[in-house]
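These notes are about the structure you will find just below.
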Amino acid sequence: MAWNEPGNNGKNNDPWKQGGRDQGPPDLDEVFRNLGKKFGGIFGGGKSSGGSSNGGASAALILVLIVAALVWAFSGFYTIKESERGVVLRFGQYLDEVGPGIHWKPTFIDTVLPVDVTSVRSLRSDGFMLTQDQNLVRVTFEIQYKVSDARLYKFSVVDADSSLHQATDAALRYVIGHSIMDDVLTRGREVVRQNTRQELEGIIEPYKMGIVLVDVNFRDARPPEEVRDAFDDAIKAQEDQERFIQEAQAYAREIEPRARGQVNRVMQEAEAYKQQIVLKAQGEVARFEKLLPEYLAAPKVTRDRMYLETMEQVYSNTSKVLVDVKNGNNIMYLPLDKMLNQGSSGTAQSSGAMPLIPSRSTTDSSSQNRTDSSRGSSTRSGRG
């Protein structure tokens, strides 16, 4: 049952009525006046006779000031990331540079500008440019850089990134303007890249922008679309030329060691042959010097012995046929098969005529024995 419904035993259950009086909800002005009195006593202010309204206003003002001071104090905390550096400005003028971590600044007095000094930034520059030989070419470059000094990056120039872009265009156009089109499109790309980097570093150095170049990449270079097919053919021809040159150099590197080896082998064989001939000549000289006194002592015997030795040496490498002419009953025939076999094997290379073989082996053997015995006796008599 509600407090204002009838039939509640005649009792008034209104929470705002106590002692038969209608009090109503608490007045906010009275609350502020009470707070003002309390704070006024804390800060040494006495009771004023000017009325309760002035005291309430002063208390509210003090409360607002305290809350604002707390908000101002807590709003001064800020964080600098690991990859950043904070540039502190006091009333717009450079004051200090802070590192990573949590810091505090007086709000509305100091301003902190975080600058990323770790990440590598990229900047692309491209456009149609005129070469030294009056040809038009479209070149695309990409610059990679990072911030080395946060203060110089923010205050040395108005906009460091825009200034770097303009300096890149100037350096690139200068280098392309002093290069011919073939170098830009094919074999001189690395030279153009290095020259562009050197020129760009020389341009930005006096400005002290707090920027360091990481790399300069030559992305693309192509002629206008109207003559692109002709230039593609020329580039393919130059690539084929370079390929053929490299293949020839590789072949030369392969053949040259082999040729040097053959040269060394021929030289060694010639040296060995030279030594052999020299030693053989020296041996012949020594043999002649040894034989000369014997010849002077017995010329006929020495001549016969030399003749027999020479014949022995000649006939030892020649196929021979012995025929007994005293026996007239022998039937002679030509063993062509054996002669052909001997000629193919090289055993009869020194003979001038084909030999005849008798039909009887006994006659051949007896004649051979007689001839050998007579040659041995002649040799022994000559050497003796």
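Quick note on naming: the chains in the structure tokens go A, B, ... in the order shown, residues restart at 1 in each chain, and ligands are numbered from 1 in order of appearance.
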Can you list, as a ChimeraX atom specification, every residue of region 54-126 of chain A that DSSP puts in strand (DSSP E or B)?
-> /A:77-80,84-90,93-98,101-104,110-116,121-126
For Val214 (chain A), work out the shell of residues within 12 Å, counting only C-alpha atoms and skipping chain neighbours fewer than 5 positions away, then give it as a VMD selection string.
-> chain A and resid 118 to 123 142 to 148 197 201
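Note that CA of Gly86 (chain A) and CA of His103 (chain A) are 9.8 Å apart.
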Write out as JSON, numbers by chain all residues of region 83-243 of chain A that DSSP puts in helix (DSSP H, G or I) for this structure's backbone.
-> {"A": [150, 151, 152, 153, 154, 155, 160, 161, 162, 163, 164, 165, 166, 167, 168, 169, 170, 171, 172, 173, 174, 175, 176, 177, 181, 182, 183, 184, 185, 189, 190, 191, 192, 193, 194, 195, 196, 197, 198, 199, 200, 201, 202, 203, 204, 205, 206, 207, 225, 226, 227, 228, 229, 230, 231, 232, 233, 234, 235, 236, 237, 238, 239, 240, 241, 242, 243]}
Quick one: distance from CA of Lys105 (chain A) to CA of Arg85 (chain A) in Å, one decimal?
->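 Atom-to-atom, CA of Lys105 (chain A) and CA of Arg85 (chain A) are spaced 14.9 Å apart.
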If we count only C-alpha atoms, what is near Gly188 (chain A) at a cut-off of 9 Å, once residues fewer than 6 positions away on the same chain are taken out, given as a ChimeraX atom specification?
-> /A:179-180,182
Separation of CA of Asp183 (chain A) from CA of Arg124 (chain A), in Å and rounded to one decimal |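 We find that CA of Asp183 (chain A) and CA of Arg124 (chain A) lie 21.3 Å from each other.
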Near region 204-207 of chain A, within 12 Å and counting only C-alpha atoms, which residues show up once chain neighbours fewer than 4 positions away are dropped, as a PyMOL selection string?
-> chain A and resi 152-153+155-168+170-171+197-200+211-213
For Phe91 (chain A), which residue out of A:Thr107, A:Gln246, A:Gln194, A:Thr79 is the nearest one, using only C-alpha atoms?
->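 Counting only C-alpha atoms, the residue closest to Phe91 (chain A) is A:Thr107.
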Top pick for closest residue to Lys154 (chain A), considering A:Met267, A:Ile102, A:Ile80, A:Val117 and counting only C-alpha atoms |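 Among the listed residues, A:Val117 lies closest to Lys154 (chain A).
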